[in-house]
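Step one of this worksheet: look at the structure below.
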Amino acid sequence: MELSLRDDLSASSAVTSARQQFSAAKYSVDSRATLWVIGAALIALFLKLAIAYNTIGTNDAVSFYVFARSLHDHGLQWTYLRGAEWLPVSPIFNHPPLTAYYLELIATLARTHLFQSCGFSFPFLLRFPGIIADFIVVLVLLNLSRRDARYRMPTWALMLFAYSPVSLMVSGFHGNTDSVMVMFLVLATVACLKSRPLLCGLFLALSCQVKVIALLFLPIFFFVWLPRREVVRFLIPFAVTSVLLCLEPLSRFPVLFVKNVLFYGSFWGGWGITYWLRLTGLPTFGRVSFMNLSAAQTIVAAILKSLIVVAVFVIAWRRRTLDVPAVATSIGYAWVIFFALSPGGCPQYMVWLAPFALFLSPTFYVWLTMASSLFLFFFYNITAQGLPWFLAVSRNHGNEACSVWALWPWIAIVFGAIMLWKSAAALDPSLRLFSIQPLIPRSSVNPDAAN
């Protein structure tokens with residue numbers, strides 16, 4: 001009996017020791033992986049800062065400078081109405097007020113002696129928030145992946161995301177606010193994953209205040225919080241923040257604000273379906289612009305936009321009964337549909353889908369990154385007239401070549417959508433693509449799984 005007891009104690013001690021050694025080894029591996037990802041993110045951060053410090057960027061940066069001057073001289077209403085008085089053909093200001101206020105701020109800072117002595121120009125200050133936003137998103141995804149097995153992402157995928165050539169070119173060189181919008185949308189998603197409706201509503205409102213496209217995902221968050229009886233706690237901070245930041249245009253010139261911001265459409269003919277229609281050679285589909293489109297172009301664009309909105313509502317409705325973790329993949333699916341059907345697109349949009357593609361499938365993210373990187377490199381190389389890039393100005397003679405390269409990410413997204421659907425259908429044969437029936441959570445079936 002005594003020997004048996006000693007044997008049992010010895011075996012128990014051995015098991016405990018083995019578990020401790022396994023936990024220590026796992027902690028060591030996780031720590032090294034965390035350091036590798038953070039190191040990659042820091043290297044990318046400094047590379048982007050160096051690029052932003054030594055270049056002007058694209059003509060978007062020039063347009064933002066024009067808007068900043070008009071905002072300072074004439075105010076928000078005048079800028080929405082006319083753009084800039086000292087350009088023969090002024091671009092349309094279609095950004096929410098928060099972006100306008102930031103442009104005024106950095107234009108003022110760039111004129112100060114301190115910032116000028118440090119070389120902090122307007123184009124650098126314009127890109128600085130997006131560069132920081134990329135770093136924050138890497139840290140958020142890393143923390144989520146390490147702390148919750150449901151969102152586990154491979155270390156190599158997180159390192160690729162940190163080093164991504166797409167974010168390097170868009171945040172470091174282009175000169176726009178897209179990366180900041182993505183950061184707030186990711187923060188809203190993570191707040192939802194952690195069951196924090198107040199923060200979710202706040203971050204979603206801030207995302208919409210940077211780029212109004214984030215408003216597309218309101219139904220997804222709404223239907224996530226609705227069955228959990230948290231929708232009011234989500235909507236209050238969203239509504240209050242939105243109204244406060246839009247108080248000036250809503251109270252003084254609401255029609256002009258809605259027309260410029262909410263009804264803006266991207267360039268027809270350079271992306272996806274509208275590019276294929278332009279290749280038909282029909283004059284009615286030949287104009288490449290976001291304004292003064294033909295009747296046929298206007299109708300097609302309206303149909304495509306309506307399909308996107310309806311599809312997002314269907315996704316939100318069908319997936320409302322799934323567990324909260326499904327919100328990340330729901331947004332990923334919505335982005336995929338948006339890019340597959342969108343009547344227009346711009347190079348900097350390639351950062352929109354990236355973090356949510358990781359939630360959908362690391363493999364899909366790799367192919368998307370490769371295709372998007374090719375598109376962006378050739379776009380900037382053409383518009384900057386070769387290396388080294390300093391100022392890239394989109395001109396008509398380069399639009400066709402750029403549109404051809406834009407086919408690569410569009411094709412990757414379309415094929416990715418097909419593969420994601422096949423993967424989901426293989427795991428759940430009862431799944432139907434064209435249906436409004438809500439998906440039923442199943443412990444044995446994970447419709448979001450895709451490799």
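Numbering starts fresh at 1 for the residues of each chain in the structure tokens, the chains themselves are lettered A, B, ... in the order given, and ligands are numbered from 1 as they appear.
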
Expected answer as JSON, numbers by chain: helix (DSSP H, G or I) residues in segment 208-400 of chain A: {"A": [208, 209, 210, 212, 213, 214, 215, 216, 217, 218, 219, 220, 221, 222, 223, 224, 225, 231, 232, 233, 234, 235, 236, 237, 238, 239, 240, 241, 242, 243, 244, 245, 247, 248, 249, 250, 251, 252, 254, 255, 256, 257, 258, 259, 260, 261, 262, 272, 273, 274, 275, 276, 277, 278, 283, 284, 285, 295, 296, 297, 298, 299, 300, 301, 302, 303, 304, 305, 306, 307, 308, 309, 310, 311, 312, 313, 314, 315, 316, 317, 318, 326, 327, 328, 329, 330, 331, 332, 333, 334, 335, 336, 337, 338, 339, 340, 341, 347, 348, 349, 350, 351, 354, 355, 356, 357, 358, 359, 360, 362, 363, 364, 365, 366, 367, 368, 369, 370, 371, 372, 373, 374, 375, 376, 377, 378, 379, 380, 381, 382, 383, 396, 397, 398, 399, 400]}

Export of the given selection (C-alpha atoms) as a compact mmCIF listing (two decimals), in the first residue's frame:
# COMPACT_ATOMS: atom_id res chain seq x y z
CA CYS A 208 -17.29 57.08 -39.97
CA GLN A 209 -15.94 60.55 -39.20
CA VAL A 210 -12.70 59.72 -41.00
CA VAL A 212 -17.99 57.64 -44.35
CA ILE A 213 -17.67 54.17 -45.91
CA ALA A 214 -17.47 52.75 -42.37
CA LEU A 215 -21.19 53.55 -42.05
CA LEU A 216 -21.77 50.53 -44.29
CA PHE A 217 -21.11 48.24 -41.32
CA LEU A 218 -23.61 49.81 -38.93
CA PRO A 219 -26.21 47.06 -39.63
CA ILE A 220 -23.70 44.34 -38.70
CA PHE A 221 -22.96 45.88 -35.31
CA PHE A 222 -26.64 46.75 -34.76
CA PHE A 223 -27.82 43.17 -35.28
CA VAL A 224 -25.01 41.81 -33.11
CA TRP A 225 -26.06 43.94 -30.15
CA VAL A 231 -28.20 47.94 -28.76
CA VAL A 232 -29.11 51.13 -26.85
CA ARG A 233 -25.72 51.22 -25.14
CA PHE A 234 -24.15 50.85 -28.58
CA LEU A 235 -26.30 53.42 -30.38
CA ILE A 236 -26.08 56.21 -27.79
CA PRO A 237 -22.30 56.81 -28.05
CA PHE A 238 -22.47 56.27 -31.81
CA ALA A 239 -25.25 58.83 -32.26
CA VAL A 240 -23.90 61.39 -29.77
CA THR A 241 -20.40 61.30 -31.22
CA SER A 242 -21.69 61.50 -34.80
CA VAL A 243 -24.00 64.41 -34.09
CA LEU A 244 -21.44 66.38 -32.10
CA LEU A 245 -18.74 66.04 -34.76
CA LEU A 247 -23.04 69.56 -35.70
CA GLU A 248 -21.72 72.36 -37.90
CA PRO A 249 -22.80 70.95 -41.29
CA LEU A 250 -26.01 69.37 -39.97
CA SER A 251 -27.21 72.62 -38.42
CA ARG A 252 -26.05 75.01 -41.15
CA PRO A 254 -27.23 69.67 -44.23
CA VAL A 255 -28.14 69.24 -47.92
CA LEU A 256 -24.66 70.23 -49.10
CA PHE A 257 -23.09 67.95 -46.50
CA VAL A 258 -25.20 64.93 -47.50
CA LYS A 259 -24.56 65.56 -51.21
CA ASN A 260 -20.78 65.83 -50.88
CA VAL A 261 -20.11 63.21 -48.21
CA LEU A 262 -22.85 60.58 -48.28
CA GLY A 272 -13.82 45.64 -61.35
CA ILE A 273 -17.14 45.45 -63.15
CA THR A 274 -17.09 49.02 -64.46
CA TYR A 275 -13.62 48.45 -65.93
CA TRP A 276 -14.91 45.40 -67.81
CA LEU A 277 -17.84 47.48 -69.08
CA ARG A 278 -15.43 50.16 -70.26
CA PRO A 283 -19.19 55.20 -75.64
CA THR A 284 -21.82 55.26 -72.89
CA PHE A 285 -19.43 53.37 -70.58
CA ALA A 295 -27.26 57.83 -67.78
CA ALA A 296 -26.15 54.23 -68.30
CA GLN A 297 -23.15 54.68 -66.01
CA THR A 298 -25.31 56.27 -63.34
CA ILE A 299 -27.83 53.42 -63.49
CA VAL A 300 -25.18 50.70 -63.32
CA ALA A 301 -23.42 52.44 -60.43
CA ALA A 302 -26.71 52.79 -58.55
CA ILE A 303 -27.51 49.10 -59.08
CA LEU A 304 -24.08 47.98 -57.86
CA LYS A 305 -24.26 50.22 -54.78
CA SER A 306 -27.75 48.94 -53.99
CA LEU A 307 -26.57 45.34 -54.27
CA ILE A 308 -23.73 46.06 -51.85
CA VAL A 309 -26.06 47.65 -49.28
CA VAL A 310 -28.62 44.85 -49.58
CA ALA A 311 -25.91 42.19 -49.29
CA VAL A 312 -24.51 43.78 -46.12
CA PHE A 313 -27.99 43.90 -44.59
CA VAL A 314 -28.52 40.24 -45.47
CA ILE A 315 -25.17 39.32 -43.89
CA ALA A 316 -26.06 41.27 -40.76
CA TRP A 317 -29.54 39.71 -40.57
CA ARG A 318 -28.52 36.11 -41.26
CA ALA A 326 -18.59 36.09 -35.90
CA VAL A 327 -18.73 39.89 -36.15
CA ALA A 328 -15.12 40.03 -37.39
CA THR A 329 -15.78 37.58 -40.22
CA SER A 330 -19.10 39.27 -40.99
CA ILE A 331 -17.25 42.52 -41.64
CA GLY A 332 -14.70 40.58 -43.68
CA TYR A 333 -17.43 39.10 -45.88
CA ALA A 334 -19.02 42.53 -46.27
CA TRP A 335 -15.69 44.01 -47.43
CA VAL A 336 -15.26 41.17 -49.93
CA ILE A 337 -18.70 41.87 -51.41
CA PHE A 338 -18.00 45.59 -51.46
CA PHE A 339 -14.79 45.22 -53.44
CA ALA A 340 -16.24 42.60 -55.78
CA LEU A 341 -19.21 44.82 -56.72
CA PRO A 347 -5.34 52.57 -54.75
CA GLN A 348 -5.44 53.54 -51.07
CA TYR A 349 -8.60 51.46 -50.62
CA MET A 350 -6.42 48.34 -50.58
CA VAL A 351 -5.81 48.82 -46.84
CA ALA A 354 -6.51 43.77 -45.03
CA PRO A 355 -7.03 43.15 -41.27
CA PHE A 356 -10.42 41.53 -41.83
CA ALA A 357 -8.97 39.26 -44.51
CA LEU A 358 -6.77 37.90 -41.72
CA PHE A 359 -9.89 36.99 -39.73
CA LEU A 360 -11.36 35.25 -42.78
CA PRO A 362 -4.54 33.86 -43.57
CA THR A 363 -4.13 32.17 -46.97
CA PHE A 364 -6.64 34.55 -48.56
CA TYR A 365 -4.79 37.44 -46.93
CA VAL A 366 -1.48 36.33 -48.51
CA TRP A 367 -2.91 36.18 -52.02
CA LEU A 368 -4.70 39.50 -51.55
CA THR A 369 -1.52 41.15 -50.27
CA MET A 370 0.54 39.86 -53.19
CA ALA A 371 -2.00 41.05 -55.77
CA SER A 372 -2.55 44.41 -54.08
CA SER A 373 1.19 45.00 -53.74
CA LEU A 374 1.70 44.46 -57.47
CA PHE A 375 -1.12 46.86 -58.28
CA LEU A 376 0.11 49.56 -55.93
CA PHE A 377 3.75 49.32 -56.98
CA PHE A 378 2.98 49.73 -60.65
CA PHE A 379 0.39 52.45 -59.97
CA TYR A 380 2.82 54.57 -57.95
CA ASN A 381 5.72 53.79 -60.26
CA ILE A 382 3.72 54.91 -63.30
CA THR A 383 2.29 58.04 -61.68
CA ASN A 396 -4.81 60.28 -68.10
CA HIS A 397 -2.01 58.59 -70.01
CA GLY A 398 -1.33 56.25 -67.10
CA ASN A 399 -4.90 55.42 -66.16
CA GLU A 400 -5.26 52.46 -68.54

Find the residues near Lys48 of chain A: any atom within 8 Å, counting only C-alpha atoms, skip ones fewer than 4 places away on the same chain, and give them as JSON, numbers by chain. {"A": [44, 52, 131, 168, 171, 172, 173]}

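Comparing the minimum interatomic distances between Pro325 of chain A and each of A:Pro123, A:Pro409, A:Gly286, A:Pro441, counting only C-alpha atoms, we find that A:Pro441 sits nearest.
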
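Nearest-residue note for Trp408 of chain A: choosing from A:Ile38, A:Gln77, A:Ala50, A:Trp271, the minimum distance belongs to A:Trp271, counting only C-alpha atoms.
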
Quick check, in Å to one decimal: how far apart do atom CA of Leu49 of chain A and atom CA of Ile106 of chain A lie?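 For atom CA of Leu49 of chain A relative to atom CA of Ile106 of chain A, the distance reads 16.3 Å.
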
Shell around Gly265 of chain A at 10 Å using only C-alpha atoms, local window under 6 positions removed, as a list in words: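 Non-adjacent residues within range: Asn94, Ser289, Phe290, Met291, Ala301, Ala302, Lys305, Ser342, Pro343, Gly344 and Gly345 of chain A.
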
Those residues with C-alpha atoms, as a short mmCIF file (atom, residue, chain, number, x, y, z; two decimals), in the first residue's frame please?
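New file again.cif:
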data_model
loop_
_atom_site.label_atom_id
_atom_site.label_comp_id
_atom_site.auth_asym_id
_atom_site.auth_seq_id
_atom_site.Cartn_x
_atom_site.Cartn_y
_atom_site.Cartn_z
CA ASN A 94 -16.11 64.96 -49.73
CA SER A 289 -14.74 59.96 -63.61
CA PHE A 290 -16.87 60.27 -60.48
CA MET A 291 -19.00 63.10 -61.88
CA ALA A 301 -23.42 52.44 -60.43
CA ALA A 302 -26.71 52.79 -58.55
CA LYS A 305 -24.26 50.22 -54.78
CA SER A 342 -17.93 48.35 -56.16
CA PRO A 343 -18.39 50.58 -59.24
CA GLY A 344 -15.14 52.40 -58.47
CA GLY A 345 -11.99 52.19 -56.46
#

Give the answer as one residue: which of A:Ser195, A:Thr34, A:Thr112, A:Ser179 has the shortest atom-to-atom distance to Met159 of chain A, using only C-alpha atoms?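 When distances to Met159 of chain A are compared using only C-alpha atoms, the smallest one comes from A:Thr34.
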
Identify which of the residues A:Ile413, A:Leu141, A:Ala424, A:Leu103 lies closest to Val66 of chain A, counting only C-alpha atoms when measuring atom-to-atom distances.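 Using only C-alpha atoms, the shortest distance to Val66 of chain A belongs to A:Leu103.
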
Which of these residues is nearest to Thr79 of chain A, using only C-alpha atoms: A:Tyr163, A:Cys246, A:Glu230, A:Phe253? A:Phe253

Using only C-alpha atoms, determine which residues lie at most 6 Å from Leu391 of chain A, disregarding the query and same-chain residues fewer than 2 positions distant; provide the list as a ChimeraX atom specification. /A:56-58,384

The selected residues should be written to file as a PDB file, in the first residue's frame (atoms: C-alpha atoms).
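Written out: result_30.pdb:
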ATOM      1  CA  ILE A  56       5.354  64.581 -50.875  1.00  0.00           C
ATOM      2  CA  GLY A  57       3.222  61.588 -51.822  1.00  0.00           C
ATOM      3  CA  THR A  58       0.461  61.610 -54.399  1.00  0.00           C
ATOM      4  CA  ALA A 384       5.651  58.990 -60.101  1.00  0.00           C
TER       5      ALA A 384
END
